[in-house]
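Asks: Handing over data.cif, mmCIF, C-alpha atoms.
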data_upload
loop_
_atom_site.label_atom_id
_atom_site.label_comp_id
_atom_site.auth_asym_id
_atom_site.auth_seq_id
_atom_site.Cartn_x
_atom_site.Cartn_y
_atom_site.Cartn_z
CA MET A 1 29.06 -15.18 28.76
CA LYS A 2 26.50 -12.49 28.38
CA HIS A 3 27.68 -9.34 26.71
CA PRO A 4 27.65 -6.49 29.27
CA GLY A 5 26.52 -3.97 26.64
CA ALA A 6 23.48 -6.06 25.78
CA ALA A 7 22.37 -6.18 29.43
CA LEU A 8 22.83 -2.43 29.74
CA SER A 9 20.82 -1.65 26.62
CA LEU A 10 18.00 -3.88 27.83
CA CYS A 11 17.97 -1.98 31.13
CA VAL A 12 17.76 1.29 29.22
CA LEU A 13 14.97 -0.09 27.10
CA ALA A 14 13.03 -1.26 30.15
CA ALA A 15 13.48 2.19 31.71
CA VAL A 16 12.20 3.87 28.56
CA ALA A 17 9.25 1.50 28.42
CA SER A 18 8.19 2.13 32.00
CA SER A 19 8.96 5.86 32.17
CA ALA A 20 5.71 6.99 30.57
CA GLN A 21 2.41 6.59 32.32
CA ALA A 22 0.02 4.19 30.66
CA THR A 23 -1.93 7.06 29.16
CA ASP A 24 -3.49 6.28 25.83
CA THR A 25 -3.84 8.60 22.93
CA ALA A 26 -6.94 10.69 23.54
CA PRO A 27 -9.41 10.68 20.61
CA GLN A 28 -8.94 14.40 19.95
CA ALA A 29 -5.17 13.92 19.76
CA ARG A 30 -5.33 11.21 17.12
CA ARG A 31 -3.05 11.85 14.18
CA SER A 32 -2.82 9.87 10.99
CA GLY A 33 0.50 8.42 9.85
CA THR A 34 0.63 11.08 7.14
CA GLU A 35 1.23 13.77 9.75
CA PHE A 36 4.43 12.04 10.83
CA MET A 37 5.87 12.03 7.30
CA SER A 38 8.17 14.47 5.53
CA PRO A 39 6.57 17.15 3.27
CA ALA A 40 8.12 15.44 0.23
CA LEU A 41 6.51 12.13 1.07
CA ARG A 42 3.16 13.78 1.77
CA ALA A 43 3.30 15.44 -1.65
CA LEU A 44 4.08 12.06 -3.22
CA GLN A 45 1.05 10.53 -1.52
CA ALA A 46 -1.30 13.37 -2.45
CA ASP A 47 -0.41 13.59 -6.15
CA PRO A 48 -2.05 10.84 -8.25
CA ALA A 49 0.58 11.42 -10.94
CA GLN A 50 3.33 10.44 -8.49
CA ASN A 51 1.72 8.04 -6.01
CA PRO A 52 2.93 4.60 -7.15
CA ALA A 53 -0.11 2.95 -5.52
CA GLN A 54 -2.08 4.28 -8.51
CA LEU A 55 -0.61 1.38 -10.50
CA TRP A 56 -2.65 -1.00 -8.32
CA VAL A 57 -5.70 1.29 -8.36
CA LYS A 58 -5.79 1.14 -12.17
CA ASP A 59 -5.38 -2.65 -12.05
CA GLY A 60 -8.23 -2.87 -9.55
CA GLU A 61 -10.44 -0.67 -11.68
CA ALA A 62 -9.90 -3.01 -14.63
CA LEU A 63 -10.52 -6.10 -12.46
CA TRP A 64 -13.72 -4.61 -11.06
CA SER A 65 -15.46 -4.76 -14.42
CA ARG A 66 -13.66 -7.80 -15.86
CA ALA A 67 -16.01 -10.78 -16.20
CA MET A 68 -14.44 -13.99 -14.89
CA PRO A 69 -14.80 -17.13 -17.04
CA GLY A 70 -18.21 -18.63 -16.22
CA ALA A 71 -18.84 -16.02 -13.54
CA LYS A 72 -19.86 -12.43 -13.07
CA ALA A 73 -17.67 -9.37 -12.74
CA CYS A 74 -17.74 -7.39 -9.49
CA ALA A 75 -19.57 -4.63 -11.37
CA ASP A 76 -22.38 -7.01 -12.37
CA CYS A 77 -23.55 -7.33 -8.74
CA HIS A 78 -22.30 -4.09 -7.19
CA ALA A 79 -23.98 -1.02 -8.66
CA ASP A 80 -21.73 1.74 -9.93
CA GLY A 81 -21.15 4.20 -7.11
CA SER A 82 -21.46 1.54 -4.40
CA GLN A 83 -17.65 1.26 -4.31
CA ARG A 84 -17.46 4.57 -2.47
CA GLY A 85 -18.33 3.42 1.04
CA MET A 86 -17.12 -0.19 1.02
CA ALA A 87 -13.71 0.32 2.56
CA ALA A 88 -15.18 2.58 5.27
CA ARG A 89 -17.63 -0.09 6.51
CA HIS A 90 -15.07 -2.80 7.30
CA PRO A 91 -14.20 -4.77 9.39
CA ALA A 92 -17.77 -6.05 9.54
CA TRP A 93 -19.54 -9.20 10.70
CA ASP A 94 -19.86 -12.02 8.17
CA GLU A 95 -22.95 -14.16 8.76
CA ARG A 96 -21.71 -17.14 6.80
CA LEU A 97 -18.29 -17.34 8.45
CA ALA A 98 -19.72 -16.27 11.83
CA ARG A 99 -16.76 -13.98 12.46
CA PRO A 100 -15.61 -10.50 11.46
CA VAL A 101 -14.08 -9.95 8.04
CA THR A 102 -11.75 -7.23 6.86
CA LEU A 103 -12.21 -5.59 3.47
CA ALA A 104 -9.47 -7.81 1.98
CA GLU A 105 -11.09 -10.95 3.32
CA ARG A 106 -14.52 -9.85 2.08
CA ILE A 107 -13.05 -9.42 -1.40
CA ASP A 108 -11.38 -12.82 -1.17
CA GLN A 109 -14.64 -14.44 -0.01
CA CYS A 110 -16.56 -12.75 -2.84
CA ARG A 111 -14.05 -13.98 -5.38
CA GLN A 112 -14.35 -17.54 -4.09
CA ARG A 113 -18.13 -17.65 -3.71
CA HIS A 114 -19.19 -15.81 -6.84
CA GLN A 115 -16.23 -15.97 -9.20
CA HIS A 116 -14.91 -19.47 -8.35
CA GLN A 117 -11.37 -18.15 -7.84
CA GLN A 118 -8.72 -19.56 -5.54
CA PRO A 119 -8.17 -17.63 -2.29
CA GLN A 120 -5.16 -15.31 -2.48
CA GLY A 121 -4.78 -13.89 1.01
CA PRO A 122 -4.48 -10.15 1.71
CA ASP A 123 -1.21 -9.78 -0.22
CA GLY A 124 -2.32 -11.60 -3.37
CA PRO A 125 -1.91 -9.49 -6.53
CA GLU A 126 -5.62 -9.26 -7.38
CA LEU A 127 -6.59 -8.74 -3.73
CA LEU A 128 -4.18 -5.82 -3.41
CA ALA A 129 -5.40 -4.30 -6.67
CA LEU A 130 -9.09 -4.51 -5.71
CA ALA A 131 -8.41 -3.33 -2.14
CA ALA A 132 -6.42 -0.37 -3.49
CA TYR A 133 -9.24 0.50 -5.90
CA LEU A 134 -11.84 0.40 -3.10
CA ALA A 135 -9.55 2.31 -0.73
CA GLU A 136 -9.16 5.03 -3.35
CA ALA A 137 -12.95 5.13 -3.77
CA ALA A 138 -13.35 5.69 -0.01
CA ARG A 139 -10.69 8.40 0.28
CA GLY A 140 -11.72 11.19 2.63
CA LEU A 141 -14.65 9.32 4.17
CA PRO A 142 -14.68 8.93 7.96
CA TRP A 143 -13.85 5.34 8.88
CA ALA A 144 -17.03 3.73 10.23
CA PRO A 145 -16.28 0.07 11.01
CA SER A 146 -19.35 -2.00 11.88
CA ASP A 147 -20.59 -1.48 15.45
CA ASP A 148 -22.23 -4.92 15.51
CA PRO A 149 -21.98 -6.12 19.15
CA ARG A 150 -20.68 -9.49 17.92
CA LEU A 151 -17.44 -7.69 17.00
CA LEU A 152 -16.89 -6.64 20.60
CA PRO A 153 -15.16 -9.83 21.83
CA TRP A 154 -12.78 -9.61 18.86
CA GLN A 155 -12.09 -5.98 19.59
CA GLN A 156 -11.37 -6.78 23.24
CA ARG A 157 -9.09 -9.62 22.25
CA GLY A 158 -7.27 -7.26 19.91
CA GLU A 159 -6.92 -4.71 22.69
CA ARG A 160 -5.43 -7.33 25.01
CA LEU A 161 -2.88 -8.17 22.30
CA TRP A 162 -2.18 -4.45 21.86
CA ARG A 163 -1.25 -4.20 25.56
CA GLN A 164 0.56 -7.50 25.83
CA ARG A 165 4.34 -7.45 25.99
CA MET A 166 5.83 -9.65 23.29
CA GLY A 167 9.10 -10.94 21.93
CA GLN A 168 12.69 -10.78 23.11
CA LEU A 169 12.44 -7.02 23.46
CA ASN A 170 9.38 -7.54 25.68
CA LEU A 171 7.50 -4.59 24.25
CA ALA A 172 3.77 -4.09 23.79
CA CYS A 173 2.32 -2.18 20.82
CA THR A 174 0.95 0.45 23.21
CA GLN A 175 4.40 1.30 24.61
CA CYS A 176 5.59 2.65 21.27
CA HIS A 177 2.41 3.73 19.53
CA ASP A 178 0.50 5.27 22.47
CA GLN A 179 3.23 6.31 24.87
CA HIS A 180 6.06 7.25 22.50
CA ALA A 181 4.29 8.30 19.31
CA GLY A 182 6.17 11.14 17.66
CA ALA A 183 9.48 10.04 19.21
CA ARG A 184 12.20 8.40 17.17
CA LEU A 185 13.06 4.73 16.89
CA GLY A 186 16.39 4.68 15.15
CA GLY A 187 15.95 6.91 12.12
CA ALA A 188 12.18 6.53 11.95
CA THR A 189 9.42 8.53 13.61
CA ILE A 190 7.01 6.35 15.61
CA PRO A 191 3.45 6.98 14.38
CA GLN A 192 0.28 6.40 16.36
CA ALA A 193 -0.50 3.31 14.27
CA HIS A 194 -3.88 4.31 12.88
CA PRO A 195 -4.19 2.10 9.80
CA THR A 196 -6.22 4.58 7.74
CA GLY A 197 -4.08 4.24 4.63
CA TYR A 198 -4.04 0.52 3.89
CA PRO A 199 -3.20 -1.09 1.57
CA SER A 200 -0.13 1.17 1.60
CA TYR A 201 2.82 1.59 -0.71
CA ARG A 202 5.81 1.32 1.60
CA LEU A 203 9.10 2.61 0.30
CA GLU A 204 10.82 -0.04 2.40
CA TRP A 205 8.89 -2.79 0.60
CA GLN A 206 9.00 -1.03 -2.78
CA THR A 207 5.52 -2.36 -3.31
CA LEU A 208 1.96 -2.20 -2.05
CA GLY A 209 1.21 -4.26 1.05
CA SER A 210 -1.62 -5.13 3.40
CA LEU A 211 -2.11 -4.25 7.05
CA PRO A 212 -1.35 -7.85 8.21
CA ARG A 213 1.98 -7.58 6.42
CA ARG A 214 2.72 -4.36 8.29
CA LEU A 215 1.72 -5.89 11.63
CA ARG A 216 3.98 -8.85 10.92
CA GLY A 217 6.84 -6.39 10.45
CA CYS A 218 6.23 -4.92 13.90
CA LEU A 219 6.18 -8.37 15.52
CA VAL A 220 9.46 -9.27 13.87
CA GLY A 221 10.75 -5.88 15.03
CA VAL A 222 10.22 -6.75 18.71
CA ARG A 223 11.69 -10.18 17.93
CA ALA A 224 8.45 -12.04 18.56
CA GLU A 225 7.41 -14.99 16.46
CA PRO A 226 4.65 -13.72 14.17
CA PHE A 227 1.25 -15.42 14.42
CA ALA A 228 0.49 -18.00 11.76
CA PRO A 229 -0.78 -16.61 8.44
CA GLY A 230 -4.54 -16.11 8.68
CA ALA A 231 -4.54 -16.59 12.48
CA ASP A 232 -7.36 -15.06 14.54
CA GLU A 233 -4.87 -12.76 16.29
CA TRP A 234 -4.32 -10.71 13.12
CA LEU A 235 -8.06 -10.30 12.69
CA ALA A 236 -8.55 -9.33 16.35
CA LEU A 237 -5.81 -6.69 16.04
CA GLU A 238 -7.34 -5.34 12.86
CA VAL A 239 -10.78 -5.10 14.47
CA PHE A 240 -9.31 -3.29 17.47
CA LEU A 241 -7.22 -0.90 15.37
CA ALA A 242 -10.22 -0.05 13.19
CA ARG A 243 -12.31 0.77 16.28
CA ARG A 244 -9.42 2.81 17.70
CA ALA A 245 -9.22 4.84 14.46
CA ALA A 246 -13.00 5.05 13.91
CA GLY A 247 -14.08 8.46 12.61
CA MET A 248 -10.68 9.35 11.16
CA ALA A 249 -10.53 10.15 7.45
CA LEU A 250 -9.49 7.29 5.18
CA GLU A 251 -6.48 8.09 3.00
CA GLY A 252 -5.73 4.83 1.26
CA PRO A 253 -3.85 3.80 -0.72
CA ALA A 254 -1.23 5.78 1.19
CA VAL A 255 2.55 6.03 0.86
CA ARG A 256 4.57 5.18 3.94
CA PRO A 257 8.34 5.32 4.53
CA MET B 1 2.03 -6.08 -20.05
CA ALA B 2 3.16 -3.95 -17.19
CA ARG B 3 0.76 -1.32 -15.91
CA THR B 4 1.84 2.24 -16.76
CA LEU B 5 0.69 5.67 -15.62
CA ILE B 6 1.18 8.56 -18.03
CA HIS B 7 0.22 12.06 -16.93
CA LEU B 8 0.28 15.16 -19.09
CA PRO B 9 -1.98 18.22 -19.18
CA PRO B 10 -5.17 17.47 -21.18
CA GLU B 11 -5.03 20.22 -23.80
CA PRO B 12 -1.82 22.27 -23.68
CA LYS B 13 -1.16 25.21 -25.98
CA ARG B 14 1.34 25.09 -28.80
CA GLY B 15 4.72 26.32 -27.54
CA GLU B 16 3.79 25.75 -23.89
CA VAL B 17 6.33 23.91 -21.71
CA ILE B 18 4.57 20.98 -20.05
CA ASP B 19 5.57 18.37 -17.47
CA ILE B 20 5.25 14.79 -18.58
CA GLN B 21 5.19 12.24 -15.73
CA VAL B 22 5.38 8.50 -16.35
CA THR B 23 5.45 5.50 -14.00
CA ILE B 24 5.73 1.83 -14.90
CA ALA B 25 5.19 -1.22 -12.69
CA HIS B 26 8.53 -3.01 -12.60
CA PRO B 27 10.42 -4.79 -9.76
CA MET B 28 13.87 -3.31 -10.68
CA GLU B 29 15.61 -6.31 -9.11
CA THR B 30 19.21 -5.19 -8.67
CA GLY B 31 21.00 -8.51 -9.07
CA PHE B 32 22.83 -7.92 -5.79
CA ARG B 33 20.27 -9.55 -3.52
CA SER B 34 19.66 -13.16 -2.50
CA ASN B 35 16.25 -14.76 -2.09
CA ASP B 36 15.09 -16.38 1.18
CA GLN B 37 16.87 -19.59 0.14
CA GLY B 38 20.15 -17.72 -0.12
CA VAL B 39 20.27 -18.06 -3.91
CA PRO B 40 21.39 -14.88 -5.72
CA MET B 41 18.54 -13.31 -7.69
CA GLN B 42 19.17 -12.54 -11.33
CA ARG B 43 19.24 -8.90 -12.29
CA ASP B 44 15.96 -7.72 -13.79
CA ILE B 45 15.89 -3.98 -14.36
CA LEU B 46 14.79 -1.53 -16.98
CA THR B 47 17.77 -0.14 -18.84
CA HIS B 48 16.33 2.38 -21.29
CA PHE B 49 13.44 4.78 -21.52
CA GLU B 50 12.63 6.84 -24.55
CA CYS B 51 9.88 9.30 -25.41
CA ARG B 52 9.21 10.07 -29.08
CA PHE B 53 6.99 12.67 -30.69
CA GLU B 54 5.88 11.64 -34.17
CA GLY B 55 8.74 9.12 -34.23
CA ARG B 56 11.44 11.62 -33.27
CA THR B 57 13.18 11.21 -29.91
CA VAL B 58 12.47 14.07 -27.52
CA PHE B 59 13.68 12.52 -24.26
CA ARG B 60 15.86 9.53 -23.44
CA ALA B 61 17.12 8.07 -20.17
CA GLU B 62 19.33 5.21 -19.05
CA LEU B 63 18.31 3.36 -15.92
CA HIS B 64 20.61 1.59 -13.48
CA PRO B 65 20.30 -0.91 -10.61
CA ALA B 66 20.17 1.80 -7.91
CA ILE B 67 16.79 3.01 -9.19
CA ALA B 68 13.85 1.92 -7.04
CA ALA B 69 11.02 -0.35 -8.16
CA ASN B 70 8.20 1.14 -10.25
CA PRO B 71 10.41 3.92 -11.68
CA TYR B 72 8.86 7.37 -12.03
CA ILE B 73 10.31 9.67 -14.66
CA ALA B 74 9.32 13.30 -15.12
CA PHE B 75 10.59 15.70 -17.75
CA ALA B 76 9.61 18.97 -19.38
CA TRP B 77 8.79 19.30 -23.06
CA ARG B 78 7.81 22.21 -25.28
CA VAL B 79 4.60 21.33 -27.13
CA GLU B 80 5.30 21.35 -30.86
CA GLY B 81 1.75 20.71 -31.98
CA PRO B 82 -0.85 17.95 -32.11
CA GLY B 83 0.47 14.45 -32.69
CA THR B 84 1.36 11.16 -31.10
CA LEU B 85 3.69 10.75 -28.14
CA SER B 86 5.12 7.27 -27.66
CA PHE B 87 6.84 6.01 -24.54
CA THR B 88 9.13 2.97 -24.71
CA TRP B 89 10.74 1.09 -21.86
CA GLU B 90 13.38 -1.58 -22.48
CA GLY B 91 15.06 -3.82 -19.98
CA ASP B 92 16.57 -7.15 -19.00
CA LYS B 93 15.08 -10.47 -20.09
CA GLY B 94 13.96 -8.92 -23.37
CA PHE B 95 11.54 -6.52 -21.71
CA GLN B 96 10.06 -4.03 -24.12
CA GLN B 97 6.87 -2.05 -23.84
CA THR B 98 5.53 0.91 -25.76
CA GLU B 99 2.56 3.08 -24.85
CA THR B 100 1.18 5.81 -27.08
CA VAL B 101 -0.82 8.91 -26.25
CA ALA B 102 -2.62 11.09 -28.79
CA LEU B 103 -1.81 14.70 -27.87
CA LYS B 104 -4.48 17.30 -28.56
CA VAL B 105 -3.45 20.93 -28.66
CA ALA B 106 -5.75 23.78 -27.71
#
Step by step, read the file and then write its structure as structure tokens.

Replies:
Amino acid sequence: MKHPGAALSLCVLAAVASSAQATDTAPQARRSGTEFMSPALRALQADPAQNPAQLWVKDGEALWSRAMPGAKACADCHADGSQRGMAARHPAWDERLARPVTLAERIDQCRQRHQHQQPQGPDGPELLALAAYLAEAARGLPWAPSDDPRLLPWQQRGERLWRQRMGQLNLACTQCHDQHAGARLGGATIPQAHPTGYPSYRLEWQTLGSLPRRLRGCLVGVRAEPFAPGADEWLALEVFLARRAAGMALEGPAVRP
Amino acid sequence: MARTLIHLPPEPKRGEVIDIQVTIAHPMETGFRSNDQGVPMQRDILTHFECRFEGRTVFRAELHPAIAANPYIAFAWRVEGPGTLSFTWEGDKGFQQTETVALKVA
């Protein structure tokens, strides 16, 4: 027999989900995740002596100039100073793969093509370190993902996923992050989901993690089955989210609750 | 070798009270959790931290399972003069690491 309380809470949830008009966050009202955090956490993020993501930044800095056996170091191809804008330009179109790539995937591709390394995926230790180093180098820059028209179908696919109800809770991303941003979900404040601080050190994870890892957490949260690792859906969502947050200041590697 | 971050003012004055902030990359596995196979995970934490100036202990701390991963420790110290500060972390599974910083005094 179905539990009466469960049916009631689903009704309440459905009412909450449909109460707001489908108004999206206007560009001028965009707020980074930092603005939804406590002052203590903001201070932790802003102070390089306290931000634990600096551990990965230092690792990435060492990796950047470390020559791989029989291959070049990143610094041998990329001139010093070129690190600054890299994180701001992604996701971008990759001619060889004929699809968009995120910064993490670009690093992974570079490691495979030029350094003969095994792919690690966005949460591999060296990937996180290099991504954190490049995110730090791009801090404060306005996010300018590629406006190549070939990215448009991916962006549209990502937007469809953003608006699609998913999982047992039957919620779409937009219902929380556009319509109820700033409200509370349990003990947590719902942010607008602008991924300007990735890779991020999440206190919940007690480690640095990638944006796909964060998205997976949200899918599990609405009790949907996450897409397969490396599936196109993750990429489409990342392309859409980058376009949605375009022009906002990058603040990676950030700290998130 | 675990990555460490050690922050102190670049050239403090003799007698000045400075903040020393240190972070070390460490999982601080509590020993109370199970892995995704349901098998209990062995405890792996740091248990001791010690800061020495010219070989003499100036700050010491004991760490316990409730402390989060990548522990950050901050303490104040009155600068005694130029010399070497050493920072030692010890923990489970024979973990031991020492970092040294040459302190210049203005």

Asks: Which neighbours of stretch 198-204 of chain A fall inside 6 Å, counting only C-alpha atoms, when residues of the same chain fewer than 4 positions from it are skipped, and could you give them as a tab-separated table (two decimals) with C-alpha atoms, keeping the file's coordinate frame?

Replies:
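Final output, selection38.tsv:
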chain	number	residue	atom	x	y	z
A	53	ALA	CA	-0.11	2.95	-5.52
A	208	LEU	CA	1.96	-2.20	-2.05
A	209	GLY	CA	1.21	-4.26	1.05
A	210	SER	CA	-1.62	-5.13	3.40
A	252	GLY	CA	-5.73	4.83	1.26
A	253	PRO	CA	-3.85	3.80	-0.72
A	254	ALA	CA	-1.23	5.78	1.19
A	255	VAL	CA	2.55	6.03	0.86
A	256	ARG	CA	4.57	5.18	3.94
A	257	PRO	CA	8.34	5.32	4.53

Asks: One decimal, Å: what's the distance from atom CA of A:His180 over to atom CA of A:Ala132, could you say?

Replies: 29.8 Å

Asks: Within 9 Å of chain A, which residues of chain B show up? Give each one with its shortest atom-to-atom distance in Å (one decimal) and the two atoms involved, counting only C-alpha atoms, rows by chain then rising residue number, as a Markdown table.

Replies:
| residue | atom | partner | partner_atom | distance |
| --- | --- | --- | --- | --- |
| B:Arg3 | CA | A:Leu55 | CA | 6.2 |
| B:Thr4 | CA | A:Leu55 | CA | 6.8 |
| B:Leu5 | CA | A:Leu55 | CA | 6.8 |
| B:Ile6 | CA | A:Ala49 | CA | 7.7 |
| B:His7 | CA | A:Ala49 | CA | 6.0 |
| B:Leu8 | CA | A:Ala49 | CA | 9.0 |
| B:Gln21 | CA | A:Ala49 | CA | 6.7 |
| B:Val22 | CA | A:Ala49 | CA | 7.8 |
| B:Thr23 | CA | A:Pro52 | CA | 7.4 |
| B:Ile24 | CA | A:Leu55 | CA | 7.7 |
| B:Ala25 | CA | A:Leu55 | CA | 6.7 |
| B:Pro27 | CA | A:Gln206 | CA | 8.1 |
| B:Ala68 | CA | A:Gln206 | CA | 7.1 |
| B:Ala69 | CA | A:Gln206 | CA | 5.8 |
| B:Asn70 | CA | A:Pro52 | CA | 7.0 |
| B:Pro71 | CA | A:Pro52 | CA | 8.8 |
| B:Tyr72 | CA | A:Gln50 | CA | 7.2 |

Asks: Nearest residue to A:His114 out of A:Ser38, A:Gly70, A:Leu128, A:Trp93, using only C-alpha atoms?

Replies: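 When distances to A:His114 are compared using only C-alpha atoms, the smallest one comes from A:Gly70.
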
Asks: What residues come out when you apply the PyMOL selection byres ((chain B and resi 32) around 12) to this file, written as an MDAnalysis selection string?

Replies: chainID B and resid 28:31 33:35 38:45 65:66

Asks: Could you please take those selected residues and save C-alpha atoms as a CSV table (one decimal), in the coordinates of the input?

Replies:
chain,number,residue,atom,x,y,z
B,28,MET,CA,13.9,-3.3,-10.7
B,29,GLU,CA,15.6,-6.3,-9.1
B,30,THR,CA,19.2,-5.2,-8.7
B,31,GLY,CA,21.0,-8.5,-9.1
B,33,ARG,CA,20.3,-9.6,-3.5
B,34,SER,CA,19.7,-13.2,-2.5
B,35,ASN,CA,16.2,-14.8,-2.1
B,38,GLY,CA,20.2,-17.7,-0.1
B,39,VAL,CA,20.3,-18.1,-3.9
B,40,PRO,CA,21.4,-14.9,-5.7
B,41,MET,CA,18.5,-13.3,-7.7
B,42,GLN,CA,19.2,-12.5,-11.3
B,43,ARG,CA,19.2,-8.9,-12.3
B,44,ASP,CA,16.0,-7.7,-13.8
B,45,ILE,CA,15.9,-4.0,-14.4
B,65,PRO,CA,20.3,-0.9,-10.6
B,66,ALA,CA,20.2,1.8,-7.9

Asks: From the set A:Leu235, A:Ala46, A:Arg165, A:Gly217, which residue has the shortest atom-to-atom contact distance to A:Ala104, counting only C-alpha atoms?

Replies: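 Closest to A:Ala104, using only C-alpha atoms: A:Leu235.
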
Asks: For this structure, which residues satisfy the selection - the PyMOL selection byres ((chain A and resi 134) around 10) - when it is evaluated on the file as given? I want them as a ChimeraX atom specification.

Replies: /A:57,60-61,64,82-88,103-104,128-133,135-139,199,252-253

Asks: Which neighbours of B:Glu54 fall inside 12 Å, counting all atoms listed in the file, when residues of the same chain fewer than 5 positions from it are skipped, and could you give them as a PyMOL selection string?

Replies: chain B and resi 80-87+100-103

Asks: Name the closest residue to B:Lys93 among the candidates B:Thr47, B:Arg60, B:Gly15, B:Val79; distances are taken between atoms, counting all atoms listed in the file.

Replies: B:Thr47

Asks: Provide stretch 200-244 of chain A of the preceding structure as a file containing C-alpha atoms, as a short mmCIF file (atom, residue, chain, number, x, y, z; two decimals), in the first residue's frame.

Replies:
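Saved as result37.cif:
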data_model
loop_
_atom_site.label_atom_id
_atom_site.label_comp_id
_atom_site.auth_asym_id
_atom_site.auth_seq_id
_atom_site.Cartn_x
_atom_site.Cartn_y
_atom_site.Cartn_z
CA SER A 200 35.45 23.41 -7.21
CA TYR A 201 36.45 22.25 -3.77
CA ARG A 202 33.19 21.05 -2.25
CA LEU A 203 33.10 20.67 1.49
CA GLU A 204 30.62 17.84 1.01
CA TRP A 205 33.13 15.95 -1.13
CA GLN A 206 36.14 17.04 0.93
CA THR A 207 38.01 17.24 -2.33
CA LEU A 208 38.18 19.03 -5.65
CA GLY A 209 35.69 17.89 -8.28
CA SER A 210 34.63 18.61 -11.84
CA LEU A 211 31.40 20.07 -13.17
CA PRO A 212 30.19 16.67 -14.52
CA ARG A 213 30.58 15.28 -11.02
CA ARG A 214 28.43 18.11 -9.68
CA LEU A 215 25.79 17.58 -12.37
CA ARG A 216 25.71 13.89 -11.54
CA GLY A 217 24.96 14.84 -7.93
CA CYS A 218 21.94 16.86 -9.04
CA LEU A 219 20.60 13.98 -11.16
CA VAL A 220 20.94 11.60 -8.25
CA GLY A 221 19.22 14.26 -6.13
CA VAL A 222 16.06 14.17 -8.26
CA ARG A 223 16.37 10.37 -8.27
CA ALA A 224 17.10 10.13 -11.98
CA GLU A 225 19.56 7.64 -13.37
CA PRO A 226 22.67 9.65 -14.27
CA PHE A 227 23.80 9.58 -17.91
CA ALA A 228 26.66 7.23 -18.71
CA PRO A 229 30.15 8.58 -17.96
CA GLY A 230 31.33 10.64 -20.93
CA ALA A 231 27.84 10.70 -22.50
CA ASP A 232 26.94 13.52 -24.90
CA GLU A 233 24.28 14.77 -22.47
CA TRP A 234 26.91 15.98 -19.99
CA LEU A 235 28.70 17.85 -22.74
CA ALA A 236 25.46 19.40 -24.04
CA LEU A 237 24.60 20.58 -20.51
CA GLU A 238 28.06 22.03 -20.04
CA VAL A 239 27.87 23.89 -23.35
CA PHE A 240 24.46 25.30 -22.43
CA LEU A 241 25.50 26.30 -18.91
CA ALA A 242 28.61 28.03 -20.24
CA ARG A 243 26.52 30.05 -22.71
CA ARG A 244 24.02 30.86 -19.95
#
